[in-house]
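Asks: What follows is protein_4.cif, mmCIF, C-alpha atoms.
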```cif
data_run
loop_
_atom_site.group_PDB
_atom_site.id
_atom_site.type_symbol
_atom_site.label_atom_id
_atom_site.label_comp_id
_atom_site.auth_asym_id
_atom_site.auth_seq_id
_atom_site.Cartn_x
_atom_site.Cartn_y
_atom_site.Cartn_z
ATOM 1 C CA MET A 23 73.786 105.475 125.861
ATOM 2 C CA ALA A 24 71.359 103.216 124.027
ATOM 3 C CA SER A 25 72.865 100.948 121.422
ATOM 4 C CA ALA A 26 71.912 101.219 117.753
ATOM 5 C CA LEU A 27 73.564 98.307 116.013
ATOM 6 C CA TYR A 28 75.374 99.285 112.843
ATOM 7 C CA ASN A 29 73.949 96.837 110.334
ATOM 8 C CA PRO A 30 75.283 97.214 106.778
ATOM 9 C CA ILE A 31 73.623 94.027 105.509
ATOM 10 C CA GLY A 32 72.465 94.432 101.915
ATOM 11 C CA THR A 33 74.798 97.377 101.263
ATOM 12 C CA THR A 34 78.282 97.639 99.758
ATOM 13 C CA ALA A 35 81.339 98.895 101.619
ATOM 14 C CA LEU A 36 84.431 100.311 99.914
ATOM 15 C CA ILE A 37 87.731 99.775 101.737
ATOM 16 C CA THR A 38 90.992 101.348 100.604
ATOM 17 C CA GLY A 39 94.281 99.813 101.642
ATOM 18 C CA ALA A 40 92.412 96.518 101.848
ATOM 19 C CA SER A 41 95.336 94.177 101.181
ATOM 20 C CA SER A 42 96.846 94.126 104.683
ATOM 21 C CA GLY A 43 96.625 95.178 108.314
ATOM 22 C CA LEU A 44 93.607 97.197 109.373
ATOM 23 C CA GLY A 45 92.149 97.028 105.869
ATOM 24 C CA VAL A 46 91.872 93.251 106.148
ATOM 25 C CA GLY A 47 90.358 93.654 109.610
ATOM 26 C CA TYR A 48 87.656 96.001 108.325
ATOM 27 C CA ALA A 49 86.952 93.647 105.422
ATOM 28 C CA HIS A 50 86.323 90.693 107.744
ATOM 29 C CA GLU A 51 84.180 92.673 110.160
ATOM 30 C CA LEU A 52 82.027 94.244 107.441
ATOM 31 C CA ALA A 53 81.642 90.938 105.624
ATOM 32 C CA GLN A 54 80.605 89.244 108.852
ATOM 33 C CA ARG A 55 77.939 91.933 109.273
ATOM 34 C CA GLY A 56 76.508 91.183 105.848
ATOM 35 C CA ALA A 57 77.989 93.851 103.588
ATOM 36 C CA ASP A 58 79.332 93.169 100.129
ATOM 37 C CA LEU A 59 82.732 94.721 99.530
ATOM 38 C CA VAL A 60 84.825 96.713 97.112
ATOM 39 C CA LEU A 61 88.473 95.987 97.925
ATOM 40 C CA VAL A 62 91.009 98.519 96.663
ATOM 41 C CA ALA A 63 94.813 98.375 96.965
ATOM 42 C CA ARG A 64 97.845 97.924 94.740
ATOM 43 C CA ARG A 65 98.522 94.249 95.469
ATOM 44 C CA GLN A 66 96.089 92.291 93.314
ATOM 45 C CA ALA A 67 97.113 88.807 94.496
ATOM 46 C CA ARG A 68 96.486 89.711 98.127
ATOM 47 C CA LEU A 69 93.113 91.244 97.299
ATOM 48 C CA GLU A 70 92.025 88.195 95.352
ATOM 49 C CA ALA A 71 93.094 85.864 98.160
ATOM 50 C CA LEU A 72 91.160 87.993 100.637
ATOM 51 C CA ALA A 73 88.064 87.953 98.416
ATOM 52 C CA VAL A 74 88.174 84.145 98.288
ATOM 53 C CA ASP A 75 88.574 83.930 102.063
ATOM 54 C CA LEU A 76 85.631 86.287 102.664
ATOM 55 C CA ALA A 77 83.420 84.363 100.239
ATOM 56 C CA GLU A 78 84.203 81.057 101.933
ATOM 57 C CA LYS A 79 83.665 82.365 105.454
ATOM 58 C CA TYR A 80 80.728 84.745 105.006
ATOM 59 C CA GLY A 81 79.329 84.278 101.501
ATOM 60 C CA THR A 82 80.466 87.800 100.679
ATOM 61 C CA VAL A 83 80.554 89.159 97.148
ATOM 62 C CA SER A 84 83.779 91.165 96.774
ATOM 63 C CA THR A 85 84.744 93.376 93.860
ATOM 64 C CA VAL A 86 88.537 93.472 93.593
ATOM 65 C CA ILE A 87 90.033 96.627 92.105
ATOM 66 C CA PRO A 88 93.845 96.709 92.031
ATOM 67 C CA LEU A 89 94.771 100.384 91.864
ATOM 68 C CA ASP A 90 97.537 102.737 92.930
ATOM 69 C CA LEU A 91 95.499 105.539 94.434
ATOM 70 C CA THR A 92 98.414 107.974 94.310
ATOM 71 C CA GLU A 93 98.185 108.068 90.501
ATOM 72 C CA ALA A 94 96.647 111.306 89.221
ATOM 73 C CA ASP A 95 93.579 109.725 87.583
ATOM 74 C CA ALA A 96 93.055 106.929 90.114
ATOM 75 C CA VAL A 97 90.095 108.363 92.026
ATOM 76 C CA PRO A 98 88.093 109.424 88.936
ATOM 77 C CA GLU A 99 88.859 106.017 87.417
ATOM 78 C CA LEU A 100 87.594 104.227 90.539
ATOM 79 C CA VAL A 101 84.438 106.327 90.720
ATOM 80 C CA ARG A 102 83.736 105.802 87.018
ATOM 81 C CA ASP A 103 84.329 102.044 87.329
ATOM 82 C CA LEU A 104 81.862 101.683 90.185
ATOM 83 C CA ARG A 105 79.240 103.812 88.421
ATOM 84 C CA GLU A 106 79.551 101.619 85.331
ATOM 85 C CA ARG A 107 79.118 98.506 87.472
ATOM 86 C CA LYS A 108 76.097 100.197 89.127
ATOM 87 C CA ILE A 109 77.604 99.685 92.562
ATOM 88 C CA THR A 110 76.320 102.099 95.199
ATOM 89 C CA ILE A 111 78.575 102.637 98.185
ATOM 90 C CA GLY A 112 76.878 102.609 101.584
ATOM 91 C CA THR A 113 80.006 102.564 103.740
ATOM 92 C CA LEU A 114 83.391 104.082 102.931
ATOM 93 C CA VAL A 115 86.490 103.133 104.919
ATOM 94 C CA ASN A 116 89.367 105.457 104.025
ATOM 95 C CA ASN A 117 92.095 103.250 105.421
ATOM 96 C CA ALA A 118 94.898 103.676 102.850
ATOM 97 C CA GLY A 119 97.842 105.723 104.049
ATOM 98 C CA PHE A 120 101.494 105.532 104.959
ATOM 99 C CA ALA A 121 104.256 107.343 106.811
ATOM 100 C CA THR A 122 107.847 108.249 106.171
ATOM 101 C CA PHE A 123 110.484 108.716 108.833
ATOM 102 C CA GLY A 124 113.320 111.229 108.951
ATOM 103 C CA THR A 125 113.925 114.945 109.105
ATOM 104 C CA VAL A 126 112.348 117.274 106.580
ATOM 105 C CA LEU A 127 115.850 118.318 105.542
ATOM 106 C CA ASP A 128 116.722 114.752 104.539
ATOM 107 C CA SER A 129 113.346 113.755 103.132
ATOM 108 C CA ASP A 130 112.601 112.388 99.687
ATOM 109 C CA GLN A 131 110.232 114.996 98.307
ATOM 110 C CA ALA A 132 108.698 112.671 95.724
ATOM 111 C CA ARG A 133 107.833 110.207 98.468
ATOM 112 C CA GLU A 134 106.456 113.008 100.654
ATOM 113 C CA ARG A 135 104.204 114.167 97.793
ATOM 114 C CA GLU A 136 102.858 110.623 97.486
ATOM 115 C CA GLN A 137 102.213 110.592 101.231
ATOM 116 C CA VAL A 138 100.217 113.826 101.103
ATOM 117 C CA ALA A 139 98.392 112.616 97.999
ATOM 118 C CA LEU A 140 97.287 109.356 99.601
ATOM 119 C CA ASN A 141 96.702 110.489 103.183
ATOM 120 C CA VAL A 142 94.947 113.751 102.300
ATOM 121 C CA HIS A 143 93.942 114.234 98.677
ATOM 122 C CA VAL A 144 92.676 110.706 97.993
ATOM 123 C CA LEU A 145 90.730 110.561 101.268
ATOM 124 C CA THR A 146 89.149 113.938 100.515
ATOM 125 C CA ALA A 147 88.317 113.093 96.918
ATOM 126 C CA LEU A 148 86.769 109.731 97.775
ATOM 127 C CA THR A 149 84.726 111.260 100.583
ATOM 128 C CA HIS A 150 83.464 113.985 98.254
ATOM 129 C CA ALA A 151 82.659 111.488 95.492
ATOM 130 C CA PHE A 152 80.726 109.012 97.618
ATOM 131 C CA LEU A 153 79.233 111.208 100.358
ATOM 132 C CA PRO A 154 75.946 111.706 98.453
ATOM 133 C CA ASP A 155 75.505 107.915 98.255
ATOM 134 C CA LEU A 156 76.394 107.496 101.932
ATOM 135 C CA VAL A 157 73.923 110.169 103.023
ATOM 136 C CA GLU A 158 71.154 108.770 100.815
ATOM 137 C CA THR A 159 71.740 105.249 102.143
ATOM 138 C CA ALA A 160 71.644 106.537 105.725
ATOM 139 C CA SER A 161 68.433 108.449 105.074
ATOM 140 C CA LEU A 162 66.659 105.516 103.426
ATOM 141 C CA HIS A 163 67.973 102.752 105.673
ATOM 142 C CA PRO A 164 68.942 103.929 109.180
ATOM 143 C CA HIS A 165 72.010 102.395 110.830
ATOM 144 C CA THR A 166 73.391 100.930 107.591
ATOM 145 C CA ALA A 167 75.773 103.646 106.354
ATOM 146 C CA ALA A 168 79.101 104.911 107.657
ATOM 147 C CA LEU A 169 82.159 106.966 106.807
ATOM 148 C CA VAL A 170 85.251 105.725 108.633
ATOM 149 C CA ASN A 171 88.466 107.715 108.196
ATOM 150 C CA LEU A 172 91.707 106.388 109.648
ATOM 151 C CA ALA A 173 93.483 109.129 111.544
ATOM 152 C CA SER A 174 96.036 108.488 114.306
ATOM 153 C CA THR A 175 97.156 109.591 117.725
ATOM 154 C CA ALA A 176 99.782 111.468 115.680
ATOM 155 C CA ALA A 177 96.964 113.888 114.796
ATOM 156 C CA PHE A 178 96.994 115.499 118.229
ATOM 157 C CA GLN A 179 100.478 117.063 118.192
ATOM 158 C CA PRO A 180 103.370 117.783 115.808
ATOM 159 C CA VAL A 181 105.574 114.749 115.227
ATOM 160 C CA PRO A 182 109.239 115.564 114.540
ATOM 161 C CA ARG A 183 110.841 113.083 112.117
ATOM 162 C CA MET A 184 107.354 112.193 110.950
ATOM 163 C CA ALA A 185 106.340 115.774 110.240
ATOM 164 C CA VAL A 186 104.332 115.130 107.092
ATOM 165 C CA TYR A 187 102.547 112.114 108.538
ATOM 166 C CA GLY A 188 101.501 113.974 111.692
ATOM 167 C CA ALA A 189 100.289 116.922 109.632
ATOM 168 C CA THR A 190 98.262 114.721 107.281
ATOM 169 C CA LYS A 191 96.574 112.944 110.168
ATOM 170 C CA ALA A 192 95.761 116.261 111.841
ATOM 171 C CA TYR A 193 94.015 117.145 108.589
ATOM 172 C CA VAL A 194 92.087 113.856 108.580
ATOM 173 C CA LEU A 195 90.941 114.443 112.157
ATOM 174 C CA SER A 196 89.773 118.013 111.548
ATOM 175 C CA TYR A 197 88.153 117.180 108.211
ATOM 176 C CA THR A 198 86.245 114.211 109.613
ATOM 177 C CA GLU A 199 84.914 116.170 112.566
ATOM 178 C CA ALA A 200 83.628 118.848 110.183
ATOM 179 C CA VAL A 201 81.959 116.284 107.902
ATOM 180 C CA SER A 202 80.387 114.642 110.954
ATOM 181 C CA TYR A 203 78.836 117.953 111.958
ATOM 182 C CA GLU A 204 77.646 118.813 108.463
ATOM 183 C CA THR A 205 75.896 115.455 108.004
ATOM 184 C CA ARG A 206 74.592 115.094 111.569
ATOM 185 C CA ALA A 207 70.918 115.256 110.535
ATOM 186 C CA SER A 208 71.245 112.520 107.903
ATOM 187 C CA GLY A 209 71.847 109.553 110.184
ATOM 188 C CA LEU A 210 75.220 108.836 108.560
ATOM 189 C CA LYS A 211 77.743 107.476 111.055
ATOM 190 C CA VAL A 212 80.967 109.479 110.630
ATOM 191 C CA THR A 213 84.073 108.833 112.703
ATOM 192 C CA ALA A 214 87.829 109.325 112.710
ATOM 193 C CA ILE A 215 89.562 106.293 114.200
ATOM 194 C CA CYS A 216 92.775 107.241 116.010
ATOM 195 C CA PRO A 217 94.905 104.242 116.934
ATOM 196 C CA GLY A 218 98.422 104.410 118.241
ATOM 197 C CA PRO A 219 101.098 101.997 116.996
ATOM 198 C CA ALA A 220 99.450 98.790 115.795
ATOM 199 C CA ASP A 221 100.654 95.361 114.772
ATOM 200 C CA THR A 222 100.573 96.028 111.008
ATOM 201 C CA GLU A 223 103.086 96.727 108.222
ATOM 202 C CA PHE A 224 103.098 100.444 109.127
ATOM 203 C CA PHE A 225 106.626 100.611 110.524
ATOM 204 C CA GLU A 226 108.077 98.427 107.787
ATOM 205 C CA VAL A 227 106.682 100.813 105.155
ATOM 206 C CA ALA A 228 107.966 103.813 107.120
ATOM 207 C CA GLN A 229 111.335 102.040 107.430
ATOM 208 C CA THR A 230 111.663 102.738 111.130
ATOM 209 C CA SER A 231 110.960 101.177 114.500
ATOM 210 C CA SER A 232 110.807 104.585 116.209
ATOM 211 C CA GLY A 233 107.473 105.018 117.936
ATOM 212 C CA LYS A 234 107.009 101.242 118.149
ATOM 213 C CA LYS A 235 107.339 101.234 121.922
ATOM 214 C CA GLY A 236 105.508 99.020 124.353
ATOM 215 C CA THR A 237 102.925 96.522 123.173
ATOM 216 C CA PRO A 238 101.336 97.555 119.864
ATOM 217 C CA LEU A 239 97.594 97.436 119.416
ATOM 218 C CA THR A 240 96.256 94.373 117.672
ATOM 219 C CA VAL A 241 94.047 94.635 114.609
ATOM 220 C CA ASP A 242 91.239 93.084 116.669
ATOM 221 C CA GLU A 243 91.533 95.840 119.278
ATOM 222 C CA VAL A 244 91.200 98.514 116.614
ATOM 223 C CA MET A 245 88.216 96.696 115.105
ATOM 224 C CA ARG A 246 86.472 96.420 118.478
ATOM 225 C CA ALA A 247 86.904 100.135 119.118
ATOM 226 C CA SER A 248 85.762 101.036 115.603
ATOM 227 C CA PHE A 249 82.593 98.962 115.596
ATOM 228 C CA SER A 250 81.739 99.717 119.204
ATOM 229 C CA ALA A 251 81.628 103.370 118.122
ATOM 230 C CA LEU A 252 79.539 102.573 115.049
ATOM 231 C CA ASP A 253 77.108 100.594 117.212
ATOM 232 C CA ARG A 254 76.295 103.611 119.371
ATOM 233 C CA SER A 255 73.101 105.569 118.769
ATOM 234 C CA VAL A 256 75.239 108.686 118.338
ATOM 235 C CA THR A 257 78.568 107.691 116.832
ATOM 236 C CA PRO A 258 81.443 109.785 118.218
ATOM 237 C CA SER A 259 83.283 111.758 115.564
ATOM 238 C CA VAL A 260 86.640 110.850 117.159
ATOM 239 C CA VAL A 261 87.622 107.457 118.562
ATOM 240 C CA LEU A 262 90.913 107.057 120.415
ATOM 241 C CA VAL A 263 91.892 103.393 120.554
ATOM 242 C CA GLY A 264 93.400 102.252 123.842
ATOM 243 C CA ALA A 265 93.279 103.835 127.291
ATOM 244 C CA ARG A 266 96.969 104.836 127.187
ATOM 245 C CA ASN A 267 96.565 106.537 123.829
ATOM 246 C CA ALA A 268 93.482 108.385 125.035
ATOM 247 C CA LEU A 269 95.438 109.608 128.052
ATOM 248 C CA LEU A 270 98.379 110.774 125.919
ATOM 249 C CA ALA A 271 96.039 112.647 123.573
ATOM 250 C CA ARG A 272 94.425 114.292 126.587
ATOM 251 C CA ILE A 273 97.842 115.307 127.924
ATOM 252 C CA ALA A 274 98.765 116.740 124.525
ATOM 253 C CA SER A 275 95.656 118.914 124.641
ATOM 254 C CA ILE A 276 96.281 120.428 128.067
ATOM 255 C CA TYR A 277 100.082 120.662 128.369
ATOM 256 C CA PRO A 278 101.985 123.569 126.801
ATOM 257 C CA ARG A 279 102.452 122.853 123.109
ATOM 258 C CA ARG A 280 106.219 123.435 123.285
ATOM 259 C CA ALA A 281 106.559 120.867 126.082
ATOM 260 C CA VAL A 282 104.604 118.276 124.101
ATOM 261 C CA LEU A 283 106.643 119.015 120.973
ATOM 262 C CA ASN A 284 109.917 118.570 122.876
ATOM 263 C CA ALA A 285 108.757 115.292 124.410
ATOM 264 C CA VAL A 286 107.674 113.809 121.078
ATOM 265 C CA GLY A 287 110.823 115.097 119.418
ATOM 266 C CA ARG A 288 113.055 113.378 121.982
ATOM 267 C CA MET A 289 111.100 110.157 121.665
ATOM 268 C CA ASN A 290 111.526 110.100 117.869
ATOM 269 C CA THR A 291 115.190 111.126 117.804
ATOM 270 C CA PRO A 292 117.774 108.328 117.851
ATOM 271 C CA ARG A 293 120.072 108.542 120.878
ATOM 272 C CA ASP A 294 123.165 109.167 118.773
ATOM 273 C CA ALA A 295 121.479 112.173 117.132
ATOM 274 C CA ARG A 296 120.278 113.926 120.278
#
```
What is this structure when it is put down as C-alpha cells?

Replies:
Amino acid sequence: MASALYNPIGTTALITGASSGLGVGYAHELAQRGADLVLVARRQARLEALAVDLAEKYGTVSTVIPLDLTEADAVPELVRDLRERKITIGTLVNNAGFATFGTVLDSDQAREREQVALNVHVLTALTHAFLPDLVETASLHPHTAALVNLASTAAFQPVPRMAVYGATKAYVLSYTEAVSYETRASGLKVTAICPGPADTEFFEVAQTSSGKKGTPLTVDEVMRASFSALDRSVTPSVVLVGARNALLARIASIYPRRAVLNAVGRMNTPRDAR
C-alpha cells in the first residue's frame, strides 16, 4: 500500500499520561515530527522535565498541564483551559490508563471506579470534545491529524484477575473502530494501538508481575508500530504490536471462548491459588 507520511508539523498534539512510559515515547516521536505538544498527567515535575528535554532536542513548544483526569471536573477544565489559550488540537493520544490485579471479590471498588473513569469515561469525553477539531484539521490539512487510543491485547478476550481492565480495553477497541468508520471520509487517521506487556510502569501500578512473561515490548517497538500505521495511506483502525501478540489475538478470535477464558485464567492465577 502506498505510503502517506503522517506529518503533524505546525499542529498541536495532546497526550494524556505523558509523564512516563508510552506517553513519553509519543511525546518524543510527535515532537520530532514537528508538532507542538500539550502534556497532561498528574506528575508536574516529570512533565516539566520532559518539556525541557523536548525543547532542547526538537525546539518543541510544550504546554504542561498537571491534572488528575479521574477528578469529576478534570475534562471540562482541560477543554476550557485549552480554549482560553486558543490552542487547537490536531492530534489526540489517549494514552492515560491503568490496571488493577486481583479477583472481583477482593477488589477495591473505589480504585475500580477510578480505573473505569480513566480508561473509559475520560477517553470518551476527550474524544468527543476534540473530535471536531481533529476532523477539521484533517479536512484542511491532509495527513496532519490523528486520534490514537491505547487499547491492549487484553481487549480480545476476558481477563480473569484483571476483569475490569480487560473490559475497559474491549470498550476502547470497539469504540475506536466505530469512530474510525464514522470519520472515514474526513481524512482523520484513527487507530487503536494494542500492545501486549511493555517495558513501562504498568505492572508496578497494577501491583503484579502476572502477565509479564517473556520479553516485554520496548517503548520504541510500540512507537514504530504506531507511526508505521499512521504513515499508511489508509490507517488501520486496529494495530496489534508484535507478531506473537497478533497471533494470540487471532487464536482468541477463532478458538472457543470458554477455552480461551480458561487458558487466560490459568495464566493469571498464582500456582498456590489454582

Asks: Compute the distance from (82.0, 101.4, 100.6) to each atom, counting only C-alpha atoms, keep the residues with any atom at most 8 Å away, and return them as a list of chain:residue names; use the coordinates of the file.

Replies: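 Taken together, the residues in range are A:Thr34, A:Ala35, A:Leu36, A:Ile37, A:Leu59, A:Val60, A:Thr110, A:Ile111, A:Gly112, A:Thr113, A:Leu114, A:Val115.
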
Asks: Hey, can you spit out that residue selection with C-alpha atoms as an mmCIF file, in the frame of the given file?

Replies:
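The result, stored in selection.cif:
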```
data_model
loop_
_atom_site.group_PDB
_atom_site.id
_atom_site.type_symbol
_atom_site.label_atom_id
_atom_site.label_comp_id
_atom_site.auth_asym_id
_atom_site.auth_seq_id
_atom_site.Cartn_x
_atom_site.Cartn_y
_atom_site.Cartn_z
ATOM 1 C CA THR A 34 78.282 97.639 99.758
ATOM 2 C CA ALA A 35 81.339 98.895 101.619
ATOM 3 C CA LEU A 36 84.431 100.311 99.914
ATOM 4 C CA ILE A 37 87.731 99.775 101.737
ATOM 5 C CA LEU A 59 82.732 94.721 99.530
ATOM 6 C CA VAL A 60 84.825 96.713 97.112
ATOM 7 C CA THR A 110 76.320 102.099 95.199
ATOM 8 C CA ILE A 111 78.575 102.637 98.185
ATOM 9 C CA GLY A 112 76.878 102.609 101.584
ATOM 10 C CA THR A 113 80.006 102.564 103.740
ATOM 11 C CA LEU A 114 83.391 104.082 102.931
ATOM 12 C CA VAL A 115 86.490 103.133 104.919
#
```

Asks: Counting all atoms listed in the file, figure out which residue out of A:Thr175, A:Ser42, A:Thr33, A:Asn267 gets nearest to Ile109 of chain A.

Replies: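 For Ile109 of chain A, the nearest of the candidates is A:Thr33.
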
Asks: Would you mind listing what lies within 7 Å of segment 146-148 of chain A as number ranges by chain, with all atoms listed in the file counted and same-chain residues fewer than 4 positions away left out?

Replies: A: 97, 142, 152

Asks: Any idea what the distance is between atom CA of Lys79 of chain A and atom CA of Leu52 of chain A?

Replies: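 Rounded to one decimal, the two atoms are 12.2 Å apart.
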
Asks: Under the rule that all atoms listed in the file are counted, which of A:Leu44, A:Ala151, A:Asp242, A:Val212 is the nearest residue to Glu99 of chain A?

Replies: A:Ala151

Asks: Rank nothing, just name the residue among A:Met245, A:Met184, A:Leu153, A:Ala49 nearest to Thr205 of chain A, using all atoms listed in the file.

Replies: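 Closest to Thr205 of chain A of all the choices is A:Leu153.
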
Asks: Here is a test: counting all atoms listed in the file, which residue of A:Ser174, A:Ser202, A:Ser196, A:Thr82 is nearest to Glu51 of chain A?

Replies: A:Thr82

Asks: Name the residues captured by the PyMOL selection byres ((chain A and resi 156-172) around 9) when it is applied to the shown file; answer as a count of residues only.

Replies: 47

Asks: Given the file shown, enumerate the residues that the PyMOL selection byres ((chain A and resi 72) around 10) captures and present them as a PyMOL selection string.

Replies: chain A and resi 40-42+46+49-50+61+66-71+73-78+84+86

Asks: Nearest to Arg279 of chain A: which of A:Thr85, A:Thr125, A:Gln137, A:Gln179 is it, counting all atoms listed in the file?

Replies: A:Gln179

Asks: So the first atom is atom CA of Val261 of chain A and the second is atom CA of Ala247 of chain A; what is the distance between them in Å, to one decimal place?

Replies: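 Separating atom CA of Val261 of chain A from atom CA of Ala247 of chain A is a distance of 7.4 Å.
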